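**Q** Dropping in upload-v4.csv, which is CSV, C-alpha atoms:
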```csv
chain,number,residue,atom,x,y,z
D,207,MET,CA,-19.0,128.4,-52.4
D,208,SER,CA,-19.9,127.0,-49.0
D,209,SER,CA,-17.2,126.2,-46.4
D,210,LEU,CA,-17.9,122.5,-46.7
D,211,THR,CA,-17.7,122.5,-50.5
D,212,LYS,CA,-14.5,124.5,-50.4
D,213,SER,CA,-13.0,122.0,-47.9
D,214,LEU,CA,-14.1,119.1,-50.1
D,215,SER,CA,-12.5,120.5,-53.2
D,216,TRP,CA,-9.2,121.1,-51.4
D,217,SER,CA,-9.3,117.6,-50.0
D,218,ALA,CA,-9.8,116.2,-53.5
D,219,GLY,CA,-6.8,118.2,-54.8
D,220,ARG,CA,-4.6,117.1,-51.9
D,221,ILE,CA,-5.5,113.4,-52.5
D,222,ALA,CA,-4.8,113.7,-56.2
D,223,ALA,CA,-1.4,115.1,-55.5
D,224,ALA,CA,-0.7,112.4,-52.9
D,225,CYS,CA,-1.5,109.6,-55.2
D,226,ALA,CA,0.4,111.0,-58.2
D,227,VAL,CA,-2.8,111.2,-60.1
D,228,ARG,CA,-1.5,110.9,-63.6
D,229,ARG,CA,-0.3,107.4,-62.9
D,230,HIS,CA,-2.9,106.3,-60.2
D,231,SER,CA,-6.1,107.9,-61.3
D,232,SER,CA,-8.2,104.9,-60.3
D,233,LEU,CA,-6.8,105.0,-56.8
D,234,THR,CA,-7.4,108.7,-56.6
D,235,ALA,CA,-11.1,108.3,-57.5
D,236,GLU,CA,-11.5,105.4,-55.1
D,237,LEU,CA,-10.0,107.4,-52.3
D,238,ILE,CA,-12.2,110.5,-52.9
D,239,GLU,CA,-15.4,108.3,-52.8
D,240,ASN,CA,-14.4,105.5,-50.4
D,241,MET,CA,-12.2,106.8,-47.7
D,242,ASP,CA,-14.3,105.0,-45.1
D,243,LYS,CA,-13.4,101.6,-46.6
D,244,LYS,CA,-10.6,99.3,-45.3
D,245,ALA,CA,-9.9,97.9,-48.8
D,246,THR,CA,-9.3,101.5,-50.1
D,247,TRP,CA,-6.6,102.2,-47.5
D,248,ASP,CA,-5.0,98.7,-47.9
D,249,ARG,CA,-4.6,99.5,-51.6
D,250,PHE,CA,-3.4,103.1,-50.8
D,251,TYR,CA,-0.6,102.0,-48.4
D,252,THR,CA,0.4,99.0,-50.6
D,253,GLU,CA,0.8,101.2,-53.7
D,254,ASN,CA,2.4,104.1,-51.8
D,255,SER,CA,5.0,101.8,-50.2
D,256,SER,CA,5.8,100.0,-53.4
D,257,ARG,CA,7.0,103.1,-55.2
D,258,THR,CA,10.2,103.3,-53.2
D,259,SER,CA,12.6,101.0,-51.3
D,260,THR,CA,13.0,103.5,-48.5
D,261,PHE,CA,10.2,104.0,-46.0
D,262,LYS,CA,8.8,107.5,-45.6
D,263,ASN,CA,6.1,108.5,-43.2
D,264,PHE,CA,3.0,109.8,-45.0
D,265,GLU,CA,1.5,112.8,-43.3
D,266,TRP,CA,-2.0,114.1,-43.9
D,267,PHE,CA,-2.2,117.8,-43.5
D,268,PHE,CA,1.1,118.3,-41.5
D,269,GLY,CA,3.5,116.6,-39.1
D,270,PHE,CA,4.0,116.6,-35.3
D,271,ASP,CA,5.9,119.9,-35.2
D,272,ALA,CA,2.8,121.8,-36.4
D,273,VAL,CA,0.6,120.5,-33.5
D,274,ARG,CA,3.2,119.8,-30.8
D,275,ASP,CA,2.1,122.8,-28.8
D,276,PHE,CA,-1.5,121.6,-28.8
D,277,ILE,CA,-0.7,118.1,-27.6
D,278,ILE,CA,2.2,118.2,-25.1
D,279,PRO,CA,0.8,121.0,-22.8
D,280,LEU,CA,-2.5,119.1,-22.8
D,281,LEU,CA,-0.9,115.9,-21.7
D,282,GLN,CA,1.0,117.9,-19.0
D,283,SER,CA,-2.3,119.2,-17.7
D,284,LYS,CA,-3.8,115.8,-17.1
D,285,PRO,CA,-4.1,114.3,-13.6
D,286,HIS,CA,-1.2,112.0,-13.0
D,287,PRO,CA,-2.5,108.5,-12.6
D,288,ASP,CA,-0.4,105.8,-10.9
D,289,GLY,CA,0.1,104.2,-14.3
D,290,LEU,CA,0.7,105.6,-17.8
D,291,LEU,CA,-1.4,108.2,-19.5
D,292,GLN,CA,-3.3,106.5,-22.2
D,293,VAL,CA,-3.0,108.1,-25.7
D,294,LEU,CA,-4.7,106.9,-28.9
D,295,ASP,CA,-3.6,108.1,-32.3
D,296,MET,CA,-6.8,107.2,-34.1
D,297,GLY,CA,-6.5,106.3,-37.8
D,298,CYS,CA,-2.7,106.6,-37.6
D,299,GLY,CA,-1.8,105.4,-41.1
D,300,THR,CA,1.9,105.7,-41.6
D,301,SER,CA,2.2,109.1,-39.8
D,302,ALA,CA,5.0,109.8,-37.4
D,303,LEU,CA,2.5,111.6,-35.1
D,304,GLY,CA,2.1,108.8,-32.5
D,305,PRO,CA,5.8,107.9,-32.3
D,306,CYS,CA,6.6,111.6,-31.9
D,307,ILE,CA,4.2,111.8,-28.9
D,308,TYR,CA,5.8,108.8,-27.5
D,309,ARG,CA,9.3,110.3,-27.9
D,310,HIS,CA,8.5,113.8,-26.7
D,311,SER,CA,6.0,113.4,-23.9
D,312,PRO,CA,7.6,114.4,-20.6
D,313,LEU,CA,5.2,112.2,-18.7
D,314,PRO,CA,5.0,108.4,-19.0
D,315,VAL,CA,2.5,107.5,-21.8
D,316,ARG,CA,1.2,104.4,-23.5
D,317,VAL,CA,0.7,105.5,-27.1
D,318,THR,CA,-1.5,103.3,-29.2
D,319,CYS,CA,-1.4,103.9,-32.9
D,320,ALA,CA,-4.5,102.4,-34.4
D,321,ASP,CA,-5.6,102.0,-38.0
D,322,ILE,CA,-8.1,99.9,-39.9
D,323,SER,CA,-5.4,98.9,-42.5
D,324,PRO,CA,-3.2,96.0,-41.4
D,325,ILE,CA,-0.8,97.2,-44.2
D,326,ALA,CA,-0.2,100.5,-42.5
D,327,VAL,CA,0.2,98.8,-39.1
D,328,ARG,CA,2.8,96.4,-40.4
D,329,LEU,CA,4.7,99.1,-42.2
D,330,MET,CA,4.9,101.2,-39.0
D,331,GLN,CA,5.8,98.2,-36.8
D,332,GLU,CA,8.7,97.4,-39.1
D,333,GLN,CA,9.9,101.0,-39.2
D,334,VAL,CA,9.9,101.4,-35.4
D,335,GLN,CA,11.7,98.1,-35.0
D,336,THR,CA,14.4,99.3,-37.4
D,337,LYS,CA,14.7,102.8,-35.8
D,338,ALA,CA,14.6,101.6,-32.1
D,339,LEU,CA,12.9,104.9,-30.9
D,340,ARG,CA,13.8,106.2,-27.5
D,341,ALA,CA,11.2,107.8,-25.3
D,342,HIS,CA,11.6,110.9,-23.1
D,343,SER,CA,10.3,108.8,-20.2
D,344,PHE,CA,11.8,105.3,-19.8
D,345,SER,CA,8.5,103.8,-18.8
D,346,SER,CA,6.6,105.0,-21.9
D,347,GLN,CA,5.2,102.4,-24.3
D,348,LEU,CA,4.4,102.5,-28.0
D,349,GLU,CA,2.2,100.0,-29.9
D,350,PHE,CA,0.6,99.6,-33.3
D,351,VAL,CA,-2.7,97.8,-33.6
D,352,GLU,CA,-5.3,97.1,-36.3
D,353,LEU,CA,-8.6,98.6,-35.1
D,354,ASP,CA,-11.8,99.8,-36.5
D,355,CYS,CA,-12.3,103.0,-34.7
D,356,THR,CA,-16.1,102.6,-34.7
D,357,GLN,CA,-15.4,99.7,-32.3
D,358,LEU,CA,-13.2,101.3,-29.7
D,359,HIS,CA,-15.1,99.6,-27.0
D,360,THR,CA,-13.6,96.2,-28.1
D,361,ARG,CA,-10.2,97.5,-26.9
D,362,TYR,CA,-10.9,100.1,-24.2
D,363,GLY,CA,-13.1,100.2,-21.2
D,364,CYS,CA,-15.4,103.1,-20.4
D,365,ARG,CA,-13.5,106.2,-19.2
D,366,SER,CA,-10.0,104.6,-19.7
D,367,VAL,CA,-8.3,107.0,-22.2
D,368,ASP,CA,-6.7,110.3,-21.5
D,369,LEU,CA,-6.2,111.7,-25.0
D,370,ILE,CA,-7.4,110.8,-28.5
D,371,VAL,CA,-5.7,112.4,-31.5
D,372,ASP,CA,-7.6,112.5,-34.8
D,373,LYS,CA,-5.6,114.0,-37.6
D,374,GLY,CA,-7.8,113.7,-40.7
D,375,THR,CA,-9.6,110.5,-39.8
D,376,THR,CA,-13.0,112.1,-39.2
D,377,ASP,CA,-12.4,114.3,-42.3
D,378,ALA,CA,-12.0,111.2,-44.4
D,379,LEU,CA,-15.2,109.7,-43.1
D,380,LEU,CA,-17.3,112.8,-43.5
D,381,ARG,CA,-16.1,113.2,-47.0
D,382,SER,CA,-16.9,109.6,-48.1
D,383,LYS,CA,-20.2,108.6,-49.7
D,384,GLU,CA,-21.1,106.3,-46.9
D,385,GLY,CA,-18.9,107.6,-44.1
D,386,LYS,CA,-21.1,110.1,-42.2
D,387,ARG,CA,-22.8,107.5,-40.1
D,388,LYS,CA,-19.4,106.0,-39.3
D,389,ALA,CA,-18.0,109.5,-38.3
D,390,SER,CA,-20.9,109.8,-35.8
D,391,LEU,CA,-20.2,106.4,-34.4
D,392,VAL,CA,-16.5,107.2,-34.0
D,393,LEU,CA,-17.3,110.3,-32.1
D,394,GLN,CA,-19.7,108.5,-29.8
D,395,GLN,CA,-17.1,105.8,-29.1
D,396,CYS,CA,-14.5,108.4,-28.3
D,397,LEU,CA,-16.7,110.0,-25.7
D,398,LYS,CA,-17.5,106.6,-24.1
D,399,VAL,CA,-13.8,105.6,-23.7
D,400,LEU,CA,-12.4,109.0,-22.6
D,401,ARG,CA,-11.9,109.8,-19.0
D,402,SER,CA,-13.9,112.7,-17.5
D,403,SER,CA,-10.6,114.6,-17.6
D,404,GLY,CA,-9.8,113.4,-21.1
D,405,SER,CA,-9.9,115.1,-24.5
D,406,LEU,CA,-10.4,114.4,-28.2
D,407,LEU,CA,-8.4,116.6,-30.5
D,408,GLN,CA,-9.5,116.7,-34.1
D,409,PHE,CA,-7.1,118.4,-36.6
D,410,SER,CA,-9.0,119.4,-39.7
D,411,ASP,CA,-9.2,121.9,-42.6
D,412,GLU,CA,-12.9,122.1,-42.2
D,413,ASP,CA,-14.3,125.5,-41.4
D,414,PRO,CA,-15.5,126.0,-37.9
D,415,ASP,CA,-19.0,127.1,-39.2
D,416,ALA,CA,-19.5,123.5,-40.4
D,417,ARG,CA,-17.4,121.4,-38.0
D,418,LEU,CA,-18.5,123.0,-34.7
D,419,LEU,CA,-22.2,122.6,-35.6
D,420,TRP,CA,-21.6,118.9,-36.5
D,421,LEU,CA,-19.7,118.2,-33.3
D,422,GLU,CA,-22.1,120.1,-31.0
D,423,THR,CA,-25.0,118.1,-32.6
D,424,GLU,CA,-23.4,114.7,-32.6
D,425,ALA,CA,-21.8,114.9,-29.2
D,426,GLN,CA,-25.1,115.5,-27.4
D,427,GLU,CA,-27.6,112.8,-26.4
D,428,PRO,CA,-29.9,113.7,-23.6
D,429,GLY,CA,-29.4,111.5,-20.6
D,430,VAL,CA,-26.6,109.6,-22.3
D,431,MET,CA,-23.7,111.8,-23.3
D,432,ALA,CA,-22.7,115.5,-23.5
D,433,ALA,CA,-19.5,117.3,-24.4
D,434,ASP,CA,-17.9,120.8,-24.5
D,435,VAL,CA,-16.5,121.8,-27.9
D,436,GLY,CA,-13.9,124.4,-28.6
D,437,VAL,CA,-11.7,125.4,-31.5
D,438,GLN,CA,-8.3,127.0,-32.1
D,439,GLU,CA,-6.5,127.9,-35.3
D,440,VAL,CA,-3.5,125.8,-36.0
D,441,GLY,CA,-2.2,128.0,-38.9
D,442,GLU,CA,-2.0,128.2,-42.6
D,443,LEU,CA,-0.1,125.7,-44.8
D,444,ARG,CA,0.0,125.8,-48.6
D,445,GLY,CA,-2.9,128.3,-48.7
D,446,MET,CA,-5.2,126.3,-46.4
D,447,THR,CA,-6.1,127.1,-42.9
D,448,TYR,CA,-6.2,124.3,-40.3
D,449,TYR,CA,-8.0,124.0,-37.0
D,450,CYS,CA,-7.8,122.1,-33.8
D,451,TYR,CA,-11.2,121.1,-32.4
D,452,GLN,CA,-11.1,120.0,-28.8
D,453,VAL,CA,-14.0,117.8,-27.5
D,454,THR,CA,-14.2,117.2,-23.7
D,455,PRO,CA,-16.8,114.9,-22.1
D,456,ARG,CA,-19.2,116.6,-19.7
D,457,SER,CA,-20.9,114.8,-16.8
D,458,ILE,CA,-24.5,113.9,-17.2
D,459,VAL,CA,-26.7,115.3,-14.4
```
Kindly transcribe the structure held in the file into structure tokens.
**A**
Amino acid sequence: MSSLTKSLSWSAGRIAAACAVRRHSSLTAELIENMDKKATWDRFYTENSSRTSTFKNFEWFFGFDAVRDFIIPLLQSKPHPDGLLQVLDMGCGTSALGPCIYRHSPLPVRVTCADISPIAVRLMQEQVQTKALRAHSFSSQLEFVELDCTQLHTRYGCRSVDLIVDKGTTDALLRSKEGKRKASLVLQQCLKVLRSSGSLLQFSDEDPDARLLWLETEAQEPGVMAADVGVQEVGELRGMTYYCYQVTPRSIV
């Protein structure tokens, strides 16, 4: 079994469990094939939130604690601009990742949690208003926006973002029937809006043999864009090994 096939099979199993497959088999099938579609995620978050009266963050892969040591030291290493460090949680869903970065960053940050689903955005806005989160830095900001991440340029200017965090978003696109082109567009958009000192962190269960090759291929366009790509192991959870892929823009000579 190839690394990509193995990764796909694990993803299908995880999605089935998340959707309580016995009762939501049609949603499970839709997710596995159409994770690049807005309507799929609108349905997912609507059905997921309707099962309980108490809000609960839905975490793909793992929560903030598992990747805190990848994110916070990286933020601390960034040049300190006069304003806030710009952080984008791309494809945030109803994860607590973005709010946790906002709470725990020792430096002032503006954390934008973006998702294609307005349902997920509304749920998170309501939850944050209820909890009244406090940031480590009094000047930090947190916002939730509806955004198609293949269109980052509609919100950000070139070289304006310090850190983009992608926890499972690219995985969802790559594993969809029609998502591979969108995954490439997202990567290109990230490299355009990142500062020269910025970074994209992709958290994934895809084996480095497959993901590194894809990143190194898609992040290079002669005369237009280039990037350095690295990988670290996050650890093992429920029998699956997870990785952190770091993509850093490189100046074009």
**Q** Counting only C-alpha atoms, figure out which residue out of D:Val453, D:Leu348, D:Leu443, D:Ala338 gets nearest to D:Leu393.
**A**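 Counting only C-alpha atoms, the residue closest to D:Leu393 is D:Val453.
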**Q** Could you check how far atom CA of D:Met241 sits from atom CA of D:Gly385, in Å to one decimal?
**A** 7.6 Å
**Q** I'd like the neighbourhood of D:Asp271 as a list in words, where a residue qualifies if any of its atoms comes within 12 Å (using only C-alpha atoms), though same-chain residues fewer than 5 positions away should be ignored.
**A**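 That gives Glu265, Phe276, Ile277, Ile278, Ala302, Leu303, Cys306, Ile307, His310 and Val440 of chain D.
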**Q** May I have the residues from that selection written out with C-alpha atoms, as a compact mmCIF listing (two decimals), in the frame of the given file?
**A**
```txt
# COMPACT_ATOMS: atom_id res chain seq x y z
CA GLU D 265 1.50 112.80 -43.30
CA PHE D 276 -1.50 121.60 -28.80
CA ILE D 277 -0.70 118.10 -27.60
CA ILE D 278 2.20 118.20 -25.10
CA ALA D 302 5.00 109.80 -37.40
CA LEU D 303 2.50 111.60 -35.10
CA CYS D 306 6.60 111.60 -31.90
CA ILE D 307 4.20 111.80 -28.90
CA HIS D 310 8.50 113.80 -26.70
CA VAL D 440 -3.50 125.80 -36.00
```
**Q** Can you tell me, as a list of chain:residue names, what residues are no more than 9 Å from stretch 353-361 of chain D when counting all atoms listed in the file, ignoring any on the same chain fewer than 6 positions away?
**A**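 My reading of the contact set: D:Lys244, D:Met296, D:Gly297, D:Ala320, D:Asp321, D:Ile322, D:Ser323, D:Pro324, D:Lys388, D:Ala389, D:Ser390, D:Leu391, D:Val392, D:Leu393, D:Gln394, D:Gln395, D:Cys396, D:Lys398, D:Val399.
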**Q** Just want the 10 Å neighbourhood of D:Arg249, counted on all atoms listed in the file, with same-chain residues fewer than 3 positions away dropped. Output as a ChimeraX atom specification.
**A** /D:233,236-237,244-246,252-255,323,325
**Q** Take the residues just selected and output them with C-alpha atoms as a CSV table (one decimal), in the coordinates of the input.
**A**
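Output saved as part.csv:
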```csv
chain,number,residue,atom,x,y,z
D,233,LEU,CA,-6.8,105.0,-56.8
D,236,GLU,CA,-11.5,105.4,-55.1
D,237,LEU,CA,-10.0,107.4,-52.3
D,244,LYS,CA,-10.6,99.3,-45.3
D,245,ALA,CA,-9.9,97.9,-48.8
D,246,THR,CA,-9.3,101.5,-50.1
D,252,THR,CA,0.4,99.0,-50.6
D,253,GLU,CA,0.8,101.2,-53.7
D,254,ASN,CA,2.4,104.1,-51.8
D,255,SER,CA,5.0,101.8,-50.2
D,323,SER,CA,-5.4,98.9,-42.5
D,325,ILE,CA,-0.8,97.2,-44.2
```
**Q** If we count all atoms listed in the file, what is near D:Phe261 at a cut-off of 10 Å, once residues fewer than 4 positions away on the same chain are taken out, given as a list in words?
**A**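 So, after excluding close chain neighbours, the residues are Asn254, Ser255, Ser256, Arg257, Thr300, Leu329, Met330, Glu332 and Gln333 of chain D.
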**Q** Figure out the distance between atom CA of D:Arg401 and atom CA of D:Gly363, please, to one decimal in Å.
**A** 9.9 Å
**Q** Could you tell me how far atom CA of D:His342 lies from atom CA of D:Arg316, in Å and to one decimal?
**A** 12.3 Å
**Q** May I have the residues within 9 Å of D:Leu407 as number ranges by chain, using all atoms listed in the file and disregarding those fewer than 5 positions away in the same chain?
**A** D: 276-277, 369-373, 450-454
**Q** Nearest to D:Gln331: which of D:Tyr449, D:Phe270, D:Phe350, D:Phe344 is it, counting all atoms listed in the file?
**A**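 Using all atoms listed in the file, the shortest distance to D:Gln331 belongs to D:Phe350.
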**Q** Which is closest to D:Pro314 among D:Arg274, D:Arg387, D:His286, D:Lys337, if we use all atoms listed in the file?
**A** D:His286
**Q** Closest to D:Asp248 among D:Leu280, D:Asn263, D:Leu379, D:Ala326, using all atoms listed in the file?
**A**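 That would be D:Ala326, the residue with the smallest distance to D:Asp248.
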**Q** When you count only C-alpha atoms, which of these residues is closest to D:Tyr448: D:Tyr362, D:Trp420, D:Phe264, D:Phe409?
**A**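 Closest candidate: D:Phe409.
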